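Enquirer: The structure is given below, and queries will be raised subsequently.
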Amino acid sequence: MSCHVVIVGGGFAGLNAAKRLKKADVEITLIDRTNYHLFQPLLYQVATGGVSPADIASPIRYVLRRQKNVKVVQDVVREIRDSEVVTDSGTIGFDVLIVATGATHHYFGNNEWAEYAPGLKTLPDATAIRARVLGAFEEAERTGSEDLTFVIVGGGPTGVEMAGAIAEMARHTLRSDFRDIDPAAAHVLLVEAGPRLLPSFPEDLSRKAEVQLIDLGARVLTGWRVTAIEERRVVVAKGAEEQVLYPQATVWAAGVKASILGKSLQLLGATLDRSGRVEVNPDLTLPGWPNIYVAGDLAAVSHDGKPVPGVAPAAIQMGKYVADVIQGKEGGPFRYRDKGSLATIGRSAGVADFGRARFSGFIAWAAWLGVHIFFLIGFENRLLVMIQWAWNYVTRNRSARLVMRHEQTEEKD
Ligand SMILES: Cc1cc2nc3c(=O)[nH]c(=O)nc-3n(C[C@H](O)[C@H](O)[C@H](O)COP(=O)(O)OP(=O)(O)OC[C@H]3O[C@@H](n4cnc5c(N)ncnc54)[C@H](O)[C@@H]3O)c2cc1C
């Protein structure tokens, strides 16, 4: 009987591990709580109406339809034991296990903020944020309120991208759509506790990102720490100074922590770091468990003395590496090949850091566009997103500007 490999998580790491095992003499069961693979780097585009949910997600079953050694199961894994995983519908035994369940939002002990400042990690998060942002403009038109404010907490790539896209939407896309309000008068505030935006980028690019955001009409508050978030109220502090902001919508982009499933591995002796990531051996196995691998955002591993970052290329490389180790094609430790970082700001600005080559402005934006579309999982998605983007670029439109609230129901007789 061939070896049974169970992969938990169909994200960048899990899906790439499964694909790399295509020719291996193994039976694979891939379990994910959703039935789709999600291209998270473009979630902010869904949250701001640039593309539709289906453009950045593909059914996992469809992606793997030609790979006969994989069975896809939609289920939630709750617990990991020494030779089986426990799901909502039962247990599934394994010979080899790959755990790749990614990360989730981190409110640094203030979980009550989540209700008023949702984070951006899943498609439902993105459509909920889209409803809040667009809903704020609708409310202003209804009430005639002049004071429209959006607060984005966290000046990393997601925060910068969200602030840029909302500012762009307010200044350009919505310009002619309303009668009683001027959308361009909306305030977009990006709050970052640290001294600069994009702390993982070189300082000169951080400065350029800030200038590009200001050019789009956003306000950047660096060095300001959020101390309270309530319904339409955000308090920020810098030393003894305090400001109270009254936003119609707040977005949380300030922190991530590893998936909760990592905790289950503690029962097998795993140690978690401060972000809840599982400390693994250099070959990504769980210490003491040569048949259990942890990959992607959930794994805490270093390369060349530096922690491997929680980014998509690292997750993809880990997934492929683990598959190679399982097939005996790889013997050495995991090595991360850093291909650079990109962030976009609005319609045609951005920053790109490829080590010695650094760009900002239109070239960075074009590089970002190329890389992100190239990596979109299905060919159809690539084509759709490219066409939609070209159209949006020319017309400054954002065609997926739908407000869909869960509580909205059809009127009954
Ligand atoms: C808004 C946003 C923007 C980003 N932008 C960029 C960017 O521009 N560039 C970049 O390189 N990286 C970016 N990232 C980070 C990148 O998306 C992650 O590093 C990458 O997705 C990690 O891959 P993964 O396979 O570890 O986890 P994920 O891709 O998160 O996949 C985890 C999978 O596990 C499933 N899962 C979770 N828990 C369970 C469970 N208990 N049972 C079953 N299934 C489960 C999930 O449904 C999911 O499909 C961004 C992330 C976000 C949220």
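Following the order of the structure tokens, first chain is A, next is B, and so on, with residues numbered from 1 inside each chain and ligands from 1 in the order they appear.
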Identify, on the basis of only C-alpha atoms, every residue whose closest approach to Glu141 of chain A does not exceed 12 Å; exclude the query and any residue fewer than 6 positions from it along the same chain; express the result as a list in words.
Expert: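 The contact residues come out as Leu134, Gly135, Asp147, Leu148, Leu174, Asp177, Phe178, Arg179, Asp180, Ile181, Asp182 and Pro183 of chain A.
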Enquirer: If we count only C-alpha atoms and set the cut-off at 6 Å, which residues sit around Val235 of chain A, ignoring sequence neighbours fewer than 6 positions away in its own chain? Please answer as a PyMOL selection string.
Expert: chain A and resi 226-228+243-244
Enquirer: As a quick test: using only C-alpha atoms and all ligand atoms, which residues lie no more than 6 Å away from ligand 1? Give them as an mmCIF file with C-alpha atoms, in the first residue's frame.
Expert:
```cif
data_model
loop_
_atom_site.group_PDB
_atom_site.id
_atom_site.type_symbol
_atom_site.label_atom_id
_atom_site.label_comp_id
_atom_site.auth_asym_id
_atom_site.auth_seq_id
_atom_site.Cartn_x
_atom_site.Cartn_y
_atom_site.Cartn_z
ATOM 1 C CA VAL A 8 -4.000 20.417 5.991
ATOM 2 C CA GLY A 9 -4.503 23.746 4.197
ATOM 3 C CA GLY A 10 -4.878 24.460 0.482
ATOM 4 C CA GLY A 11 -3.094 27.828 0.608
ATOM 5 C CA PHE A 12 0.215 28.635 -1.053
ATOM 6 C CA ALA A 13 2.223 26.048 0.912
ATOM 7 C CA GLY A 14 -0.289 23.173 0.953
ATOM 8 C CA ILE A 31 -8.157 19.129 3.647
ATOM 9 C CA ASP A 32 -9.243 22.769 3.659
ATOM 10 C CA ARG A 33 -12.061 24.527 5.487
ATOM 11 C CA THR A 34 -12.941 26.380 2.274
ATOM 12 C CA HIS A 37 -7.493 28.465 -2.951
ATOM 13 C CA GLN A 40 -4.563 36.747 -0.478
ATOM 14 C CA PRO A 41 -2.265 39.461 -1.895
ATOM 15 C CA LEU A 43 -7.764 40.699 -1.166
ATOM 16 C CA TYR A 44 -7.475 44.469 -0.801
ATOM 17 C CA ASP A 75 -13.595 20.182 6.346
ATOM 18 C CA VAL A 76 -12.161 21.964 9.374
ATOM 19 C CA VAL A 77 -9.271 20.280 11.186
ATOM 20 C CA ARG A 78 -9.628 20.815 14.928
ATOM 21 C CA ALA A 100 -0.020 24.529 6.377
ATOM 22 C CA THR A 101 -2.949 26.430 7.868
ATOM 23 C CA GLY A 102 -1.427 29.908 7.578
ATOM 24 C CA ALA A 103 -2.128 32.890 9.830
ATOM 25 C CA LEU A 120 -8.443 41.416 5.932
ATOM 26 C CA LYS A 121 -7.605 37.744 5.646
ATOM 27 C CA THR A 158 -1.727 45.732 3.388
ATOM 28 C CA LEU A 261 -4.034 24.751 14.843
ATOM 29 C CA GLY A 296 4.096 28.383 5.180
ATOM 30 C CA ASP A 297 3.070 31.163 7.589
ATOM 31 C CA LEU A 298 2.566 28.626 10.396
ATOM 32 C CA GLY A 310 5.394 35.218 6.266
ATOM 33 C CA VAL A 311 5.035 35.928 2.553
ATOM 34 C CA ALA A 312 3.630 33.979 -0.374
ATOM 35 C CA PRO A 313 6.967 33.118 -2.074
ATOM 36 C CA ALA A 315 5.137 29.532 1.604
#
```
Enquirer: As an exercise, work out the distance from atom CA of Asp304 of chain A to atom CA of Phe354 of chain A in Å and give it to one decimal place.
Expert: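 Distance reported for this atom pair: 18.0 Å.
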Enquirer: Please identify the strand (DSSP E or B) residues within segment 21-219 of chain A (assignment by DSSP from backbone atoms) and present them as a PyMOL selection string.
Expert: chain A and resi 26-32+36-38+57-59+70-74+77-80+84-87+90-93+96-99+103-105+119+149-153+187-192+218-219
Enquirer: Please identify which residues in segment 194-412 of chain A DSSP calls helix (DSSP H, G or I) from the backbone, and express them as JSON, numbers by chain.
Expert: {"A": [203, 204, 205, 206, 207, 208, 209, 210, 211, 212, 213, 214, 215, 261, 262, 263, 264, 265, 266, 267, 268, 296, 297, 298, 312, 313, 314, 315, 316, 317, 318, 319, 320, 321, 322, 323, 324, 325, 326, 362, 363, 364, 365, 366, 367, 368, 369, 370, 371, 372, 373, 374, 375, 379, 380, 381, 382, 383, 384, 385, 386, 387, 388, 389, 390, 391, 392, 393, 394, 395]}
Enquirer: Go ahead and write the residues just picked, C-alpha atoms, as an mmCIF file, in the first residue's frame.
Expert:
```
data_model
loop_
_atom_site.group_PDB
_atom_site.id
_atom_site.type_symbol
_atom_site.label_atom_id
_atom_site.label_comp_id
_atom_site.auth_asym_id
_atom_site.auth_seq_id
_atom_site.Cartn_x
_atom_site.Cartn_y
_atom_site.Cartn_z
ATOM 1 C CA GLU A 203 13.995 53.594 4.454
ATOM 2 C CA ASP A 204 14.104 55.520 1.173
ATOM 3 C CA LEU A 205 11.213 53.434 -0.198
ATOM 4 C CA SER A 206 9.202 53.988 3.013
ATOM 5 C CA ARG A 207 9.568 57.732 2.489
ATOM 6 C CA LYS A 208 8.560 57.457 -1.164
ATOM 7 C CA ALA A 209 5.511 55.385 -0.250
ATOM 8 C CA GLU A 210 4.468 58.082 2.242
ATOM 9 C CA VAL A 211 4.883 60.842 -0.352
ATOM 10 C CA GLN A 212 2.855 58.874 -2.919
ATOM 11 C CA LEU A 213 0.071 58.316 -0.378
ATOM 12 C CA ILE A 214 -0.008 62.002 0.534
ATOM 13 C CA ASP A 215 -0.155 62.863 -3.176
ATOM 14 C CA LEU A 261 -4.034 24.751 14.843
ATOM 15 C CA GLY A 262 -0.411 25.304 15.885
ATOM 16 C CA LYS A 263 -1.583 25.037 19.498
ATOM 17 C CA SER A 264 -2.761 21.514 18.841
ATOM 18 C CA LEU A 265 0.809 20.581 17.903
ATOM 19 C CA GLN A 266 1.895 21.576 21.420
ATOM 20 C CA LEU A 267 0.351 18.304 22.574
ATOM 21 C CA LEU A 268 3.014 16.602 20.408
ATOM 22 C CA GLY A 296 4.096 28.383 5.180
ATOM 23 C CA ASP A 297 3.070 31.163 7.589
ATOM 24 C CA LEU A 298 2.566 28.626 10.396
ATOM 25 C CA ALA A 312 3.630 33.979 -0.374
ATOM 26 C CA PRO A 313 6.967 33.118 -2.074
ATOM 27 C CA ALA A 314 8.290 31.657 1.214
ATOM 28 C CA ALA A 315 5.137 29.532 1.604
ATOM 29 C CA ILE A 316 5.371 28.321 -2.002
ATOM 30 C CA GLN A 317 9.042 27.432 -1.584
ATOM 31 C CA MET A 318 8.345 25.581 1.684
ATOM 32 C CA GLY A 319 5.511 23.578 0.111
ATOM 33 C CA LYS A 320 7.702 22.493 -2.793
ATOM 34 C CA TYR A 321 10.656 21.780 -0.512
ATOM 35 C CA VAL A 322 8.620 19.505 1.784
ATOM 36 C CA ALA A 323 7.306 17.564 -1.228
ATOM 37 C CA ASP A 324 10.903 17.092 -2.427
ATOM 38 C CA VAL A 325 12.034 15.881 1.010
ATOM 39 C CA ILE A 326 9.156 13.369 1.125
ATOM 40 C CA PHE A 362 4.815 53.716 -12.115
ATOM 41 C CA ILE A 363 7.609 51.147 -12.755
ATOM 42 C CA ALA A 364 7.071 49.624 -9.303
ATOM 43 C CA TRP A 365 3.324 49.524 -9.871
ATOM 44 C CA ALA A 366 3.782 47.828 -13.280
ATOM 45 C CA ALA A 367 6.195 45.261 -11.738
ATOM 46 C CA TRP A 368 3.654 44.571 -8.986
ATOM 47 C CA LEU A 369 0.895 44.101 -11.538
ATOM 48 C CA GLY A 370 2.960 41.686 -13.645
ATOM 49 C CA VAL A 371 4.116 39.580 -10.693
ATOM 50 C CA HIS A 372 0.671 39.337 -9.103
ATOM 51 C CA ILE A 373 -1.123 38.451 -12.285
ATOM 52 C CA PHE A 374 1.577 35.934 -13.222
ATOM 53 C CA PHE A 375 1.098 34.118 -9.927
ATOM 54 C CA PHE A 379 -5.244 30.888 -16.255
ATOM 55 C CA GLU A 380 -8.841 32.091 -16.531
ATOM 56 C CA ASN A 381 -8.380 34.222 -13.421
ATOM 57 C CA ARG A 382 -5.228 35.733 -14.884
ATOM 58 C CA LEU A 383 -6.971 36.703 -18.066
ATOM 59 C CA LEU A 384 -10.048 38.061 -16.278
ATOM 60 C CA VAL A 385 -8.040 40.103 -13.801
ATOM 61 C CA MET A 386 -5.804 41.465 -16.554
ATOM 62 C CA ILE A 387 -8.763 42.603 -18.659
ATOM 63 C CA GLN A 388 -10.539 44.056 -15.641
ATOM 64 C CA TRP A 389 -7.390 45.855 -14.560
ATOM 65 C CA ALA A 390 -6.715 47.319 -17.984
ATOM 66 C CA TRP A 391 -10.329 48.537 -18.067
ATOM 67 C CA ASN A 392 -10.135 49.978 -14.556
ATOM 68 C CA TYR A 393 -6.863 51.667 -15.429
ATOM 69 C CA VAL A 394 -8.233 53.423 -18.480
ATOM 70 C CA THR A 395 -11.603 54.357 -16.966
#
```
Enquirer: Just the residues within 8 Å of Ala249 of chain A, please, counting only C-alpha atoms, with nothing from its chain fewer than 3 positions along; format it as an MDAnalysis selection string.
Expert: chainID A and resid 116:117 132:133 136 149:151 232
Enquirer: Could you list, as a list in words, every residue within 9 Å of Thr344 of chain A, counting only C-alpha atoms and ignoring same-chain residues fewer than 2 positions away?
Expert: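 Once the adjacent positions are removed, what remains is Pro157, Val160, Glu161, Gly164, Ala165, Ala209, Leu342, Gly346, Arg347, Ser348, Ala349, Gly350, Val351, Ala352, Gly361, Ala364, Trp365, Trp368 and Leu369 of chain A.
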Enquirer: Under the rule that only C-alpha atoms are counted, which of A:Ala295, A:Ala184, A:Met169, A:Val46 is the nearest residue to Ile345 of chain A?
Expert: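 Answer, going by the shortest atom-to-atom distance: A:Met169.
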Enquirer: Do you have, as JSON lines, the list of residues of segment 79-198 of chain A lying at most 8 Å from segment 47-70 of chain A, each with its nearest atom pair and that distance in Å to one decimal, counting only C-alpha atoms and ordered by chain then number?
Expert:
```
{"residue": "A:Leu123", "atom": "CA", "partner": "A:Pro53", "partner_atom": "CA", "distance": 6.6}
{"residue": "A:Asp125", "atom": "CA", "partner": "A:Ala47", "partner_atom": "CA", "distance": 8.0}
{"residue": "A:Ala126", "atom": "CA", "partner": "A:Ala47", "partner_atom": "CA", "distance": 4.4}
{"residue": "A:Thr127", "atom": "CA", "partner": "A:Ala47", "partner_atom": "CA", "distance": 5.7}
{"residue": "A:Ala128", "atom": "CA", "partner": "A:Ala47", "partner_atom": "CA", "distance": 7.6}
{"residue": "A:Ile129", "atom": "CA", "partner": "A:Ala47", "partner_atom": "CA", "distance": 5.6}
{"residue": "A:Arg130", "atom": "CA", "partner": "A:Ala47", "partner_atom": "CA", "distance": 4.4}
{"residue": "A:Val133", "atom": "CA", "partner": "A:Thr48", "partner_atom": "CA", "distance": 7.7}
{"residue": "A:Met162", "atom": "CA", "partner": "A:Thr48", "partner_atom": "CA", "distance": 7.6}
{"residue": "A:Ala165", "atom": "CA", "partner": "A:Thr48", "partner_atom": "CA", "distance": 6.5}
{"residue": "A:Ile166", "atom": "CA", "partner": "A:Thr48", "partner_atom": "CA", "distance": 6.6}
{"residue": "A:Met169", "atom": "CA", "partner": "A:Thr48", "partner_atom": "CA", "distance": 7.8}
```
Enquirer: Go ahead and save the residues from that selection, with N, CA and C atoms, as a CSV table (one decimal), in the first residue's frame.
Expert:
```csv
chain,number,residue,atom,x,y,z
A,123,LEU,N,-12.0,35.9,2.1
A,123,LEU,CA,-13.0,36.6,1.2
A,123,LEU,C,-14.2,37.2,1.9
A,125,ASP,N,-14.1,38.5,4.8
A,125,ASP,CA,-13.5,39.7,5.4
A,125,ASP,C,-13.6,40.8,4.4
A,126,ALA,N,-13.1,40.5,3.2
A,126,ALA,CA,-12.9,41.5,2.1
A,126,ALA,C,-14.3,42.0,1.7
A,127,THR,N,-15.3,41.2,1.5
A,127,THR,CA,-16.6,41.7,1.1
A,127,THR,C,-17.3,42.5,2.2
A,128,ALA,N,-17.0,42.1,3.5
A,128,ALA,CA,-17.6,42.9,4.6
A,128,ALA,C,-16.9,44.3,4.7
A,129,ILE,N,-15.6,44.3,4.4
A,129,ILE,CA,-14.9,45.6,4.5
A,129,ILE,C,-15.4,46.5,3.3
A,130,ARG,N,-15.6,45.9,2.1
A,130,ARG,CA,-16.1,46.6,1.0
A,130,ARG,C,-17.5,47.2,1.3
A,133,VAL,N,-17.0,50.2,3.6
A,133,VAL,CA,-16.4,51.4,3.0
A,133,VAL,C,-17.4,52.0,2.0
A,162,MET,N,-4.4,49.4,1.2
A,162,MET,CA,-5.8,49.7,1.5
A,162,MET,C,-6.0,51.3,1.4
A,165,ALA,N,-5.8,52.6,-2.1
A,165,ALA,CA,-7.0,52.2,-2.9
A,165,ALA,C,-8.2,53.0,-2.5
A,166,ILE,N,-8.4,53.2,-1.2
A,166,ILE,CA,-9.6,54.0,-0.7
A,166,ILE,C,-9.4,55.5,-1.1
A,169,MET,N,-10.1,55.7,-4.8
A,169,MET,CA,-11.5,55.6,-5.1
A,169,MET,C,-12.3,56.9,-4.7
```
Enquirer: Just the number, please: distance in Å from atom CA of Asp273 of chain A to atom CA of Asn111 of chain A, one decimal.
Expert: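 Here the two named atoms are 19.7 Å from each other.
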Enquirer: Gly269 of chain A: which residues within 9 Å, counting only C-alpha atoms, same-chain residues fewer than 4 positions away excluded, as a PDB file with N, CA, C and O atoms, in the first residue's frame?
Expert:
```
ATOM      1  N   LEU A 265      -0.476  21.281  18.024  1.00  0.00           N
ATOM      2  CA  LEU A 265       0.809  20.581  17.903  1.00  0.00           C
ATOM      3  C   LEU A 265       1.618  20.635  19.207  1.00  0.00           C
ATOM      4  O   LEU A 265       2.573  19.887  19.379  1.00  0.00           O
ATOM      5  N   LEU A 286       8.589  18.631  12.533  1.00  0.00           N
ATOM      6  CA  LEU A 286       8.325  18.965  13.933  1.00  0.00           C
ATOM      7  C   LEU A 286       9.355  18.206  14.783  1.00  0.00           C
ATOM      8  O   LEU A 286       9.538  17.005  14.562  1.00  0.00           O
ATOM      9  N   PRO A 287      10.039  18.873  15.712  1.00  0.00           N
ATOM     10  CA  PRO A 287      11.047  18.149  16.511  1.00  0.00           C
ATOM     11  C   PRO A 287      10.458  16.875  17.126  1.00  0.00           C
ATOM     12  O   PRO A 287       9.386  16.910  17.739  1.00  0.00           O
ATOM     13  N   GLY A 288      11.138  15.749  16.914  1.00  0.00           N
ATOM     14  CA  GLY A 288      10.689  14.458  17.458  1.00  0.00           C
ATOM     15  C   GLY A 288       9.710  13.731  16.553  1.00  0.00           C
ATOM     16  O   GLY A 288       9.325  12.594  16.845  1.00  0.00           O
TER      17      GLY A 288
END
```
